[in-house]
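Chemist: Got a file for you: entry-v3.pdb, PDB, C-alpha atoms.
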ATOM      1  CA  MET J   1      15.603  32.953  12.216
ATOM      2  CA  ARG J   2      14.234  33.998   8.836
ATOM      3  CA  VAL J   3      12.687  30.783   7.522
ATOM      4  CA  ILE J   4      11.289  30.235   4.040
ATOM      5  CA  PHE J   5       8.812  27.368   4.227
ATOM      6  CA  ALA J   6       8.052  25.056   1.285
ATOM      7  CA  GLY J   7       5.305  22.449   1.606
ATOM      8  CA  THR J   8       1.819  21.517   0.476
ATOM      9  CA  PRO J   9      -0.304  18.937   2.402
ATOM     10  CA  ASP J  10      -1.425  18.549   6.023
ATOM     11  CA  PHE J  11       1.884  16.898   6.974
ATOM     12  CA  ALA J  12       3.693  20.124   6.061
ATOM     13  CA  ALA J  13       1.051  22.455   7.496
ATOM     14  CA  GLN J  14       1.691  21.178  11.018
ATOM     15  CA  ALA J  15       5.379  21.988  10.659
ATOM     16  CA  LEU J  16       4.663  25.517   9.404
ATOM     17  CA  ALA J  17       2.322  26.126  12.339
ATOM     18  CA  ALA J  18       5.000  24.899  14.773
ATOM     19  CA  ILE J  19       7.687  27.124  13.206
ATOM     20  CA  LEU J  20       5.423  30.153  13.553
ATOM     21  CA  ALA J  21       4.532  29.231  17.142
ATOM     22  CA  ALA J  22       8.260  29.032  17.937
ATOM     23  CA  GLY J  23       8.597  32.700  16.979
ATOM     24  CA  HIS J  24      10.534  32.420  13.715
ATOM     25  CA  ASP J  25      10.046  35.022  10.981
ATOM     26  CA  VAL J  26       8.581  33.467   7.798
ATOM     27  CA  PRO J  27       9.077  35.966   4.952
ATOM     28  CA  LEU J  28       7.852  33.581   2.215
ATOM     29  CA  VAL J  29       5.808  30.387   1.868
ATOM     30  CA  LEU J  30       6.140  28.160  -1.220
ATOM     31  CA  THR J  31       3.314  25.748  -1.977
ATOM     32  CA  GLN J  32       1.775  23.971  -4.948
ATOM     33  CA  PRO J  33      -0.737  25.898  -7.103
ATOM     34  CA  ASP J  34      -4.408  25.591  -6.111
ATOM     35  CA  ARG J  35      -5.900  22.355  -7.494
ATOM     36  CA  PRO J  36      -9.489  21.259  -8.249
ATOM     37  CA  ALA J  37     -10.886  19.154  -5.388
ATOM     38  CA  GLY J  38     -14.156  17.931  -3.893
ATOM     39  CA  ARG J  39     -17.425  17.034  -5.584
ATOM     40  CA  GLY J  40     -17.633  20.364  -7.381
ATOM     41  CA  MET J  41     -13.946  20.221  -8.412
ATOM     42  CA  LYS J  42     -13.472  23.821  -7.332
ATOM     43  CA  LEU J  43      -9.968  25.204  -6.935
ATOM     44  CA  GLN J  44      -8.786  24.576  -3.400
ATOM     45  CA  ALA J  45      -5.816  26.045  -1.560
ATOM     46  CA  SER J  46      -3.329  23.615  -0.054
ATOM     47  CA  ALA J  47      -3.259  23.051   3.698
ATOM     48  CA  VAL J  48      -0.014  25.020   3.854
ATOM     49  CA  LYS J  49      -1.481  27.953   1.935
ATOM     50  CA  GLN J  50      -4.439  28.055   4.313
ATOM     51  CA  ILE J  51      -2.080  28.365   7.299
ATOM     52  CA  ALA J  52      -0.069  31.041   5.475
ATOM     53  CA  LEU J  53      -3.149  33.115   4.647
ATOM     54  CA  THR J  54      -4.368  32.873   8.239
ATOM     55  CA  HIS J  55      -1.066  34.419   9.358
ATOM     56  CA  GLN J  56      -0.980  36.884   6.433
ATOM     57  CA  LEU J  57       2.272  35.459   5.069
ATOM     58  CA  PRO J  58       3.419  36.045   1.477
ATOM     59  CA  VAL J  59       2.666  32.980  -0.681
ATOM     60  CA  PHE J  60       4.452  31.941  -3.900
ATOM     61  CA  GLN J  61       2.934  29.132  -6.020
ATOM     62  CA  PRO J  62       5.115  28.399  -9.071
ATOM     63  CA  GLU J  63       4.309  25.425 -11.305
ATOM     64  CA  ARG J  64       8.012  24.606 -11.335
ATOM     65  CA  LEU J  65      11.330  26.158 -10.330
ATOM     66  CA  LYS J  66      13.480  25.445 -13.378
ATOM     67  CA  ASP J  67      13.262  28.988 -14.758
ATOM     68  CA  PRO J  68      15.773  31.273 -12.977
ATOM     69  CA  ALA J  69      13.134  34.027 -13.060
ATOM     70  CA  THR J  70      11.094  32.036 -10.513
ATOM     71  CA  HIS J  71      14.012  32.171  -8.065
ATOM     72  CA  GLU J  72      13.788  35.925  -7.477
ATOM     73  CA  PRO J  73      11.146  35.839  -4.673
ATOM     74  CA  ILE J  74      13.282  33.242  -2.857
ATOM     75  CA  ARG J  75      16.424  35.340  -3.238
ATOM     76  CA  ALA J  76      14.586  38.488  -2.156
ATOM     77  CA  ALA J  77      13.385  36.811   1.061
ATOM     78  CA  ARG J  78      17.005  36.759   2.357
ATOM     79  CA  ALA J  79      16.328  33.669   4.437
ATOM     80  CA  ASP J  80      18.645  32.082   6.947
ATOM     81  CA  VAL J  81      17.201  28.663   6.085
ATOM     82  CA  MET J  82      14.483  27.022   4.024
ATOM     83  CA  VAL J  83      12.403  24.218   5.563
ATOM     84  CA  VAL J  84      10.905  21.793   3.059
ATOM     85  CA  ALA J  85       8.180  19.244   3.831
ATOM     86  CA  ALA J  86       6.254  17.305   1.171
ATOM     87  CA  TYR J  87       6.493  20.260  -1.203
ATOM     88  CA  GLY J  88       6.183  18.319  -4.457
ATOM     89  CA  LEU J  89       8.612  20.306  -6.608
ATOM     90  CA  ILE J  90      12.294  19.664  -7.242
ATOM     91  CA  LEU J  91      14.529  22.430  -5.880
ATOM     92  CA  PRO J  92      17.402  23.290  -8.263
ATOM     93  CA  GLN J  93      20.878  23.605  -6.813
ATOM     94  CA  ALA J  94      20.711  27.392  -7.181
ATOM     95  CA  VAL J  95      17.705  27.470  -4.841
ATOM     96  CA  LEU J  96      19.290  25.038  -2.377
ATOM     97  CA  ASP J  97      22.273  27.381  -2.110
ATOM     98  CA  MET J  98      20.319  30.602  -1.492
ATOM     99  CA  PRO J  99      19.579  30.429   2.260
ATOM    100  CA  ARG J 100      22.547  31.014   4.575
ATOM    101  CA  TYR J 101      22.125  27.583   6.218
ATOM    102  CA  GLY J 102      20.796  25.850   3.115
ATOM    103  CA  CYS J 103      17.589  23.808   3.071
ATOM    104  CA  LEU J 104      16.307  21.375   5.694
ATOM    105  CA  ASN J 105      13.887  18.595   4.766
ATOM    106  CA  ILE J 106      11.392  16.849   7.062
ATOM    107  CA  HIS J 107      11.230  13.274   5.791
ATOM    108  CA  ALA J 108       8.764  10.731   7.187
ATOM    109  CA  SER J 109      11.098   7.748   7.495
ATOM    110  CA  LEU J 110      14.327   6.657   9.128
ATOM    111  CA  LEU J 111      16.705   7.345   6.283
ATOM    112  CA  PRO J 112      18.164   5.819   4.217
ATOM    113  CA  ARG J 113      15.155   3.472   4.359
ATOM    114  CA  TRP J 114      12.227   4.699   2.262
ATOM    115  CA  ARG J 115      13.668   7.582   0.350
ATOM    116  CA  GLY J 116      11.085   9.004  -2.017
ATOM    117  CA  ALA J 117       7.432   9.957  -2.313
ATOM    118  CA  ALA J 118       5.453   7.507  -0.160
ATOM    119  CA  PRO J 119       7.534   6.480   2.878
ATOM    120  CA  ILE J 120       4.570   6.127   5.261
ATOM    121  CA  GLN J 121       2.567   3.806   3.017
ATOM    122  CA  ARG J 122       5.578   1.723   2.010
ATOM    123  CA  ALA J 123       6.650   1.191   5.620
ATOM    124  CA  ILE J 124       3.226  -0.237   6.475
ATOM    125  CA  GLU J 125       3.025  -2.275   3.280
ATOM    126  CA  ALA J 126       6.427  -3.828   4.018
ATOM    127  CA  GLY J 127       5.444  -4.711   7.586
ATOM    128  CA  ASP J 128       8.071  -2.476   9.228
ATOM    129  CA  ALA J 129       7.902  -2.616  13.027
ATOM    130  CA  GLU J 130       9.091   0.981  13.326
ATOM    131  CA  THR J 131       9.521   4.106  11.259
ATOM    132  CA  GLY J 132      10.121   7.741  12.172
ATOM    133  CA  VAL J 133      11.155  11.182  10.974
ATOM    134  CA  THR J 134      14.541  12.386   9.755
ATOM    135  CA  ILE J 135      15.568  16.042   9.494
ATOM    136  CA  MET J 136      18.215  16.233   6.799
ATOM    137  CA  GLN J 137      20.313  18.843   5.018
ATOM    138  CA  MET J 138      19.060  18.800   1.428
ATOM    139  CA  ASP J 139      21.332  18.190  -1.531
ATOM    140  CA  ALA J 140      20.638  17.573  -5.214
ATOM    141  CA  GLY J 141      19.887  13.858  -4.712
ATOM    142  CA  LEU J 142      16.593  12.171  -3.847
ATOM    143  CA  ASP J 143      16.538  12.306  -0.030
ATOM    144  CA  THR J 144      20.287  11.655   0.087
ATOM    145  CA  GLY J 145      21.400  14.582   2.254
ATOM    146  CA  ALA J 146      23.253  14.413   5.553
ATOM    147  CA  MET J 147      21.078  13.753   8.619
ATOM    148  CA  LEU J 148      20.782  16.278  11.453
ATOM    149  CA  LEU J 149      18.120  14.686  13.676
ATOM    150  CA  ALA J 150      16.069  11.483  13.638
ATOM    151  CA  GLU J 151      13.569   9.865  15.961
ATOM    152  CA  ALA J 152      11.891   6.461  15.697
ATOM    153  CA  ILE J 153       8.347   5.435  16.614
ATOM    154  CA  LYS J 154       6.675   2.033  16.629
ATOM    155  CA  VAL J 155       4.123   1.261  13.931
ATOM    156  CA  GLY J 156       0.917   0.333  15.738
ATOM    157  CA  ALA J 157      -0.772  -3.018  15.166
ATOM    158  CA  GLY J 158      -3.557  -2.369  12.710
ATOM    159  CA  GLU J 159      -2.480   1.275  12.208
ATOM    160  CA  THR J 160      -3.472   2.794   8.864
ATOM    161  CA  ALA J 161      -1.382   5.126   6.744
ATOM    162  CA  GLY J 162      -3.670   7.996   7.715
ATOM    163  CA  GLU J 163      -3.247   7.332  11.422
ATOM    164  CA  LEU J 164       0.523   6.921  11.149
ATOM    165  CA  HIS J 165       0.713  10.060   9.016
ATOM    166  CA  ASP J 166      -0.860  12.114  11.804
ATOM    167  CA  ARG J 167       1.604  10.850  14.417
ATOM    168  CA  LEU J 168       4.580  11.454  12.114
ATOM    169  CA  ALA J 169       3.359  14.955  11.242
ATOM    170  CA  THR J 170       3.316  15.837  14.929
ATOM    171  CA  LEU J 171       6.782  14.340  15.383
ATOM    172  CA  GLY J 172       8.136  16.147  12.310
ATOM    173  CA  ALA J 173       6.851  19.501  13.550
ATOM    174  CA  ARG J 174       8.566  18.977  16.900
ATOM    175  CA  LEU J 175      11.864  17.816  15.388
ATOM    176  CA  VAL J 176      12.160  20.640  12.876
ATOM    177  CA  THR J 177      11.632  23.329  15.521
ATOM    178  CA  ASP J 178      14.250  21.539  17.637
ATOM    179  CA  ALA J 179      16.615  21.517  14.644
ATOM    180  CA  LEU J 180      16.129  25.247  14.084
ATOM    181  CA  ALA J 181      16.767  25.996  17.748
ATOM    182  CA  ARG J 182      19.966  23.922  17.712
ATOM    183  CA  ARG J 183      21.088  24.708  14.156
ATOM    184  CA  ASP J 184      24.559  25.970  15.146
ATOM    185  CA  THR J 185      25.391  22.900  17.232
ATOM    186  CA  LEU J 186      23.964  20.047  15.154
ATOM    187  CA  ILE J 187      26.549  17.929  13.354
ATOM    188  CA  PRO J 188      25.494  16.562   9.930
ATOM    189  CA  VAL J 189      25.938  12.796   9.629
ATOM    190  CA  ALA J 190      26.180  11.158   6.202
ATOM    191  CA  GLN J 191      23.548   8.531   5.470
ATOM    192  CA  PRO J 192      24.785   4.912   5.548
ATOM    193  CA  ALA J 193      25.497   3.335   2.187
ATOM    194  CA  SER J 194      23.623   0.193   3.209
ATOM    195  CA  GLY J 195      19.918  -0.190   3.892
ATOM    196  CA  VAL J 196      18.769   2.115   1.102
ATOM    197  CA  THR J 197      15.189   1.545  -0.119
ATOM    198  CA  TYR J 198      12.908   3.674  -2.274
ATOM    199  CA  ALA J 199       9.265   4.500  -1.586
ATOM    200  CA  ALA J 200       7.675   4.863  -5.007
ATOM    201  CA  LYS J 201       4.583   7.036  -5.341
ATOM    202  CA  ILE J 202       1.321   5.139  -4.725
ATOM    203  CA  SER J 203      -0.660   4.493  -7.908
ATOM    204  CA  LYS J 204      -4.398   3.828  -8.060
ATOM    205  CA  ALA J 205      -3.677   0.615  -9.965
ATOM    206  CA  GLU J 206      -1.942  -0.832  -6.885
ATOM    207  CA  ALA J 207      -5.208  -0.616  -4.957
ATOM    208  CA  GLN J 208      -6.786  -3.400  -7.052
ATOM    209  CA  LEU J 209      -5.936  -6.331  -4.779
ATOM    210  CA  ASP J 210      -6.097 -10.065  -5.457
ATOM    211  CA  TRP J 211      -7.316 -12.846  -3.141
ATOM    212  CA  ASN J 212      -4.391 -14.956  -4.412
ATOM    213  CA  GLU J 213      -2.104 -12.980  -2.110
ATOM    214  CA  SER J 214      -1.760 -14.015   1.535
ATOM    215  CA  ALA J 215      -3.984 -12.632   4.280
ATOM    216  CA  GLU J 216      -0.993 -10.935   5.940
ATOM    217  CA  VAL J 217       0.040  -9.174   2.735
ATOM    218  CA  LEU J 218      -3.522  -8.105   1.946
ATOM    219  CA  ALA J 219      -4.065  -6.755   5.453
ATOM    220  CA  ARG J 220      -0.894  -4.656   5.245
ATOM    221  CA  LYS J 221      -1.864  -3.260   1.838
ATOM    222  CA  ILE J 222      -5.359  -2.362   3.052
ATOM    223  CA  ARG J 223      -3.805  -0.403   5.934
ATOM    224  CA  ALA J 224      -1.209   1.199   3.638
ATOM    225  CA  PHE J 225      -3.847   2.350   1.135
ATOM    226  CA  ASN J 226      -6.161   3.852   3.779
ATOM    227  CA  PRO J 227      -7.122   6.659   3.173
ATOM    228  CA  PHE J 228      -5.657   6.836  -0.358
ATOM    229  CA  PRO J 229      -6.415   5.312  -2.784
ATOM    230  CA  GLY J 230      -8.492   2.764  -0.829
ATOM    231  CA  ALA J 231      -7.968  -0.964  -1.455
ATOM    232  CA  THR J 232     -10.450  -2.817  -3.666
ATOM    233  CA  LEU J 233     -11.241  -6.539  -3.665
ATOM    234  CA  THR J 234     -13.903  -8.544  -5.468
ATOM    235  CA  LEU J 235     -16.574  -9.802  -3.083
ATOM    236  CA  ALA J 236     -19.386 -12.010  -4.417
ATOM    237  CA  GLY J 237     -18.541 -10.862  -7.930
ATOM    238  CA  GLU J 238     -18.636  -7.137  -7.101
ATOM    239  CA  PRO J 239     -15.723  -4.745  -6.541
ATOM    240  CA  VAL J 240     -15.814  -3.469  -2.959
ATOM    241  CA  LYS J 241     -13.475  -1.055  -1.195
ATOM    242  CA  ILE J 242     -12.040  -2.496   2.001
ATOM    243  CA  TRP J 243     -11.019  -0.006   4.694
ATOM    244  CA  ARG J 244     -10.400  -2.298   7.679
ATOM    245  CA  ALA J 245      -9.445  -5.960   7.762
ATOM    246  CA  GLU J 246      -7.396  -8.389   9.821
ATOM    247  CA  PRO J 247      -5.787 -11.795   9.146
ATOM    248  CA  VAL J 248      -7.537 -14.761  10.793
ATOM    249  CA  THR J 249      -7.344 -18.532  10.686
ATOM    250  CA  GLY J 250      -9.231 -20.115   7.821
ATOM    251  CA  THR J 251      -8.822 -22.168   4.655
ATOM    252  CA  GLY J 252     -10.621 -22.295   1.353
ATOM    253  CA  ASN J 253     -10.290 -21.289  -2.271
ATOM    254  CA  PRO J 254      -8.995 -17.709  -2.649
ATOM    255  CA  GLY J 255     -11.999 -15.397  -2.668
ATOM    256  CA  GLN J 256     -14.353 -17.937  -1.029
ATOM    257  CA  ILE J 257     -16.579 -16.436   1.685
ATOM    258  CA  LEU J 258     -16.145 -18.538   4.819
ATOM    259  CA  ALA J 259     -18.326 -16.573   7.247
ATOM    260  CA  ALA J 260     -20.435 -13.420   7.258
ATOM    261  CA  ASP J 261     -21.834 -11.936  10.448
ATOM    262  CA  ALA J 262     -21.684  -8.831  12.623
ATOM    263  CA  GLU J 263     -18.061  -9.593  13.580
ATOM    264  CA  GLY J 264     -16.925  -9.447   9.974
ATOM    265  CA  ILE J 265     -16.893 -11.107   6.586
ATOM    266  CA  VAL J 266     -14.238 -13.821   6.488
ATOM    267  CA  VAL J 267     -12.761 -14.576   3.069
ATOM    268  CA  ALA J 268     -10.161 -17.202   2.157
ATOM    269  CA  THR J 269      -6.862 -16.097   0.624
ATOM    270  CA  SER J 270      -3.889 -18.009  -0.776
ATOM    271  CA  HIS J 271      -2.631 -18.369   2.800
ATOM    272  CA  GLY J 272      -4.996 -17.869   5.722
ATOM    273  CA  ALA J 273      -8.164 -15.808   5.693
ATOM    274  CA  LEU J 274      -9.065 -12.147   5.984
ATOM    275  CA  ARG J 275     -11.833 -10.748   8.180
ATOM    276  CA  LEU J 276     -13.320  -7.616   6.596
ATOM    277  CA  THR J 277     -14.756  -5.214   9.156
ATOM    278  CA  GLU J 278     -15.212  -1.924   7.278
ATOM    279  CA  LEU J 279     -16.347  -1.863   3.654
ATOM    280  CA  GLN J 280     -17.773   0.416   0.978
ATOM    281  CA  LYS J 281     -19.994  -0.548  -1.937
ATOM    282  CA  PRO J 282     -19.646   1.389  -5.231
ATOM    283  CA  GLY J 283     -21.425   4.699  -4.762
ATOM    284  CA  GLY J 284     -22.027   3.999  -1.066
ATOM    285  CA  ARG J 285     -20.410   5.089   2.160
ATOM    286  CA  ARG J 286     -17.977   3.364   4.489
ATOM    287  CA  VAL J 287     -19.872   1.026   6.830
ATOM    288  CA  THR J 288     -19.240  -1.765   9.317
ATOM    289  CA  SER J 289     -19.602  -5.355   8.170
ATOM    290  CA  ALA J 290     -22.904  -5.585  10.082
ATOM    291  CA  ASP J 291     -24.371  -2.613   8.183
ATOM    292  CA  PHE J 292     -22.910  -3.891   4.925
ATOM    293  CA  LEU J 293     -24.659  -7.245   5.353
ATOM    294  CA  ARG J 294     -28.005  -5.597   6.135
ATOM    295  CA  GLY J 295     -27.972  -4.067   2.691
ATOM    296  CA  LYS J 296     -26.365  -7.012   0.905
ATOM    297  CA  PRO J 297     -26.736 -10.491   2.425
ATOM    298  CA  LEU J 298     -23.996 -12.825   1.232
ATOM    299  CA  VAL J 299     -24.462 -16.461   0.286
ATOM    300  CA  LEU J 300     -21.830 -18.752   1.777
TER     301      LEU J 300
END
How does the structure come out when it is put into structure tokens?
Modeler:
Amino acid sequence: MRVIFAGTPDFAAQALAAILAAGHDVPLVLTQPDRPAGRGMKLQASAVKQIALTHQLPVFQPERLKDPATHEPIRAARADVMVVAAYGLILPQAVLDMPRYGCLNIHASLLPRWRGAAPIQRAIEAGDAETGVTIMQMDAGLDTGAMLLAEAIKVGAGETAGELHDRLATLGARLVTDALARRDTLIPVAQPASGVTYAAKISKAEAQLDWNESAEVLARKIRAFNPFPGATLTLAGEPVKIWRAEPVTGTGNPGQILAADAEGIVVATSHGALRLTELQKPGGRRVTSADFLRGKPLVL
């Protein structure tokens, strides 16, 4: 099939690589414009663009797609289908209608749960036991299109958003190539009206956590915000990023340090305690609790 691909981050790049490996013709790749990144804030190509350049594919990087003039490269590609994965731009109805089979979206949740921008993080934050990937036929709504394929996976105990992301990216790549291979036989199924939730974009402000929440809630948020934006808690009067933590038994005033040794730093919360096992001081690097304590002994 002739497949236009639209996507930007690593999650999408895996799907593009799988589509190419399956032998499909990709006449055009849409991705976000290059953005400043890294310590030097130099312009950096998206993960999808890097795959496209490696395979010498035409790349189109509009800031937006509202102007009908930006639609011409998409029309000229004469695609059978467009595959969209974490692209970051809204596709107008005119664009959705251009490919012969319309546009397929790879969404990292079991729809209709967690429509929206951050389904992986919100699933972990909410304590969901399972999540998955849905391949859906796109329409003008926010992740409201009819479902073609879906597959569930268990959320691992202690799994971070980064780790879950990688497993879902692999699953999404497999499902979308399956959907393309079976496109003529798949039957679209409307999403249920019940069970709809929305996964709002993660803001940096959410990462400022409070010991007055329970240990369970804090542990889930720390996992959900790893690797971005990284959860921050106040420890001995200093803001510290927490990358790994687990709920444990313990009581005390919220924020009180109950124990500090090589196994972790145990801090009381509003309900239970949290053992911190991987931390990062301002300006420092991520270290184990044992290394953290060598540089900053804590007074109990």
Chemist: Give me, please, the distance in Å between atom CA of Val133 of chain J and atom CA of Pro62 of chain J, quoted to one decimal.
Modeler: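 Distance between the two atoms: 27.1 Å.
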Chemist: Running the PyMOL selection byres ((chain J and resi 26) around 7) on this model by hand, what would come out? Give it as a ChimeraX atom specification.
Modeler: /J:2-4,24-25,27-28
Chemist: Residues at most 6 Å from segment 115-118 of chain J, counting only C-alpha atoms, excluding those fewer than 2 positions away in the same chain, as a PyMOL selection string?
Modeler: chain J and resi 113+120-121+143+198-201
Chemist: With C-alpha atoms retained, could you export that selection as a short mmCIF file (atom, residue, chain, number, x, y, z; two decimals), in the frame of the given file?
Modeler:
data_model
loop_
_atom_site.label_atom_id
_atom_site.label_comp_id
_atom_site.auth_asym_id
_atom_site.auth_seq_id
_atom_site.Cartn_x
_atom_site.Cartn_y
_atom_site.Cartn_z
CA ARG J 113 15.16 3.47 4.36
CA ILE J 120 4.57 6.13 5.26
CA GLN J 121 2.57 3.81 3.02
CA ASP J 143 16.54 12.31 -0.03
CA TYR J 198 12.91 3.67 -2.27
CA ALA J 199 9.26 4.50 -1.59
CA ALA J 200 7.68 4.86 -5.01
CA LYS J 201 4.58 7.04 -5.34
#
Chemist: So what do you get for atom CA of Asn212 of chain J versus atom CA of Thr277 of chain J, distance-wise?
Modeler: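 These two atoms are separated by 19.7 Å.
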Chemist: Could you check which residues have any atom within 8 Å of (17.9, 19.7, 0.5), counting only C-alpha atoms with coordinates taken straight from the file, and then list them as JSON, numbers by chain?
Modeler: {"J": [84, 91, 96, 102, 103, 104, 105, 136, 137, 138, 139, 140, 143, 145]}
Chemist: Please report the interatomic distance between atom CA of Ala157 of chain J and atom CA of Arg174 of chain J in Å with one decimal.
Modeler: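 Computed distance, atom CA of Ala157 of chain J to atom CA of Arg174 of chain J, equals 24.0 Å.
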Chemist: Can you translate the PyMOL selection byres ((chain J and resi 57) around 12) into the concrete residues it hits in this file, as a PyMOL selection string?
Modeler: chain J and resi 3-5+16-17+20+25-30+48-56+58-60+77
Chemist: Evaluate the PyMOL selection byres ((chain J and resi 231) around 9) against this structure - the residues, as a PDB file with C-alpha atoms, in the coordinates of the input, please.
Modeler:
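File written: out_2.pdb
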ATOM      1  CA  LYS J 204      -4.398   3.828  -8.060  1.00  0.00           C
ATOM      2  CA  GLU J 206      -1.942  -0.832  -6.885  1.00  0.00           C
ATOM      3  CA  ALA J 207      -5.208  -0.616  -4.957  1.00  0.00           C
ATOM      4  CA  GLN J 208      -6.786  -3.400  -7.052  1.00  0.00           C
ATOM      5  CA  LEU J 209      -5.936  -6.331  -4.779  1.00  0.00           C
ATOM      6  CA  LYS J 221      -1.864  -3.260   1.838  1.00  0.00           C
ATOM      7  CA  ILE J 222      -5.359  -2.362   3.052  1.00  0.00           C
ATOM      8  CA  ARG J 223      -3.805  -0.403   5.934  1.00  0.00           C
ATOM      9  CA  ALA J 224      -1.209   1.199   3.638  1.00  0.00           C
ATOM     10  CA  PHE J 225      -3.847   2.350   1.135  1.00  0.00           C
ATOM     11  CA  ASN J 226      -6.161   3.852   3.779  1.00  0.00           C
ATOM     12  CA  PRO J 227      -7.122   6.659   3.173  1.00  0.00           C
ATOM     13  CA  PHE J 228      -5.657   6.836  -0.358  1.00  0.00           C
ATOM     14  CA  PRO J 229      -6.415   5.312  -2.784  1.00  0.00           C
ATOM     15  CA  GLY J 230      -8.492   2.764  -0.829  1.00  0.00           C
ATOM     16  CA  THR J 232     -10.450  -2.817  -3.666  1.00  0.00           C
ATOM     17  CA  LEU J 233     -11.241  -6.539  -3.665  1.00  0.00           C
ATOM     18  CA  VAL J 240     -15.814  -3.469  -2.959  1.00  0.00           C
ATOM     19  CA  LYS J 241     -13.475  -1.055  -1.195  1.00  0.00           C
ATOM     20  CA  ILE J 242     -12.040  -2.496   2.001  1.00  0.00           C
ATOM     21  CA  TRP J 243     -11.019  -0.006   4.694  1.00  0.00           C
TER      22      TRP J 243
END
Chemist: Show me, as AutoDock Vina command-line options, the centre and edge lengths in Å to one decimal of the axis-aligned box that covers every listed atom of segment 115-131 of chain J with 3 Å on each side.
Modeler:
--center_x 8.1 --center_y 2.6 --center_z 5.5 --size_x 17.1 --size_y 20.7 --size_z 21.6
Chemist: Quick one: residues within 12 Å of (5.4, 15.8, 2.0) (file frame), counting all atoms listed in the file, please, as number ranges by chain.
Modeler: J: 6-15, 31-32, 46-48, 83-89, 105-109, 115-120, 133, 143, 165, 168-169, 172, 201
Chemist: Write out N, CA and C atoms for segment 128-144 of chain J, as a PDB file, in the frame of the given file.
Modeler:
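And here is the file that came out, selection12.pdb:
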ATOM      1  N   ASP J 128       7.039  -3.014   8.329  1.00  0.00           N
ATOM      2  CA  ASP J 128       8.071  -2.476   9.228  1.00  0.00           C
ATOM      3  C   ASP J 128       7.522  -2.335  10.649  1.00  0.00           C
ATOM      4  N   ALA J 129       8.313  -2.736  11.622  1.00  0.00           N
ATOM      5  CA  ALA J 129       7.902  -2.616  13.027  1.00  0.00           C
ATOM      6  C   ALA J 129       8.026  -1.188  13.532  1.00  0.00           C
ATOM      7  N   GLU J 130       8.928  -0.407  12.922  1.00  0.00           N
ATOM      8  CA  GLU J 130       9.091   0.981  13.326  1.00  0.00           C
ATOM      9  C   GLU J 130       9.404   1.842  12.119  1.00  0.00           C
ATOM     10  N   THR J 131       9.135   3.117  12.255  1.00  0.00           N
ATOM     11  CA  THR J 131       9.521   4.106  11.259  1.00  0.00           C
ATOM     12  C   THR J 131       9.868   5.368  12.045  1.00  0.00           C
ATOM     13  N   GLY J 132       9.793   6.532  11.430  1.00  0.00           N
ATOM     14  CA  GLY J 132      10.121   7.741  12.172  1.00  0.00           C
ATOM     15  C   GLY J 132      10.230   8.932  11.263  1.00  0.00           C
ATOM     16  N   VAL J 133      10.933   9.951  11.735  1.00  0.00           N
ATOM     17  CA  VAL J 133      11.155  11.182  10.974  1.00  0.00           C
ATOM     18  C   VAL J 133      12.640  11.507  11.008  1.00  0.00           C
ATOM     19  N   THR J 134      13.151  11.925   9.855  1.00  0.00           N
ATOM     20  CA  THR J 134      14.541  12.386   9.755  1.00  0.00           C
ATOM     21  C   THR J 134      14.544  13.842   9.289  1.00  0.00           C
ATOM     22  N   ILE J 135      15.304  14.682   9.965  1.00  0.00           N
ATOM     23  CA  ILE J 135      15.568  16.042   9.494  1.00  0.00           C
ATOM     24  C   ILE J 135      16.926  16.000   8.814  1.00  0.00           C
ATOM     25  N   MET J 136      16.958  16.337   7.537  1.00  0.00           N
ATOM     26  CA  MET J 136      18.215  16.233   6.799  1.00  0.00           C
ATOM     27  C   MET J 136      18.535  17.530   6.076  1.00  0.00           C
ATOM     28  N   GLN J 137      19.825  17.721   5.819  1.00  0.00           N
ATOM     29  CA  GLN J 137      20.313  18.843   5.018  1.00  0.00           C
ATOM     30  C   GLN J 137      20.150  18.449   3.558  1.00  0.00           C
ATOM     31  N   MET J 138      19.358  19.204   2.805  1.00  0.00           N
ATOM     32  CA  MET J 138      19.060  18.800   1.428  1.00  0.00           C
ATOM     33  C   MET J 138      20.258  19.000   0.511  1.00  0.00           C
ATOM     34  N   ASP J 139      20.386  18.046  -0.433  1.00  0.00           N
ATOM     35  CA  ASP J 139      21.332  18.190  -1.531  1.00  0.00           C
ATOM     36  C   ASP J 139      20.582  17.886  -2.823  1.00  0.00           C
ATOM     37  N   ALA J 140      21.297  17.742  -3.914  1.00  0.00           N
ATOM     38  CA  ALA J 140      20.638  17.573  -5.214  1.00  0.00           C
ATOM     39  C   ALA J 140      20.054  16.181  -5.408  1.00  0.00           C
ATOM     40  N   GLY J 141      20.394  15.213  -4.554  1.00  0.00           N
ATOM     41  CA  GLY J 141      19.887  13.858  -4.712  1.00  0.00           C
ATOM     42  C   GLY J 141      18.481  13.686  -4.155  1.00  0.00           C
ATOM     43  N   LEU J 142      17.931  12.489  -4.351  1.00  0.00           N
ATOM     44  CA  LEU J 142      16.593  12.171  -3.847  1.00  0.00           C
ATOM     45  C   LEU J 142      16.699  11.701  -2.399  1.00  0.00           C
ATOM     46  N   ASP J 143      16.497  12.608  -1.465  1.00  0.00           N
ATOM     47  CA  ASP J 143      16.538  12.306  -0.030  1.00  0.00           C
ATOM     48  C   ASP J 143      17.870  11.675   0.378  1.00  0.00           C
ATOM     49  N   THR J 144      18.951  12.211  -0.163  1.00  0.00           N
ATOM     50  CA  THR J 144      20.287  11.655   0.087  1.00  0.00           C
ATOM     51  C   THR J 144      21.131  12.510   1.027  1.00  0.00           C
TER      52      THR J 144
END
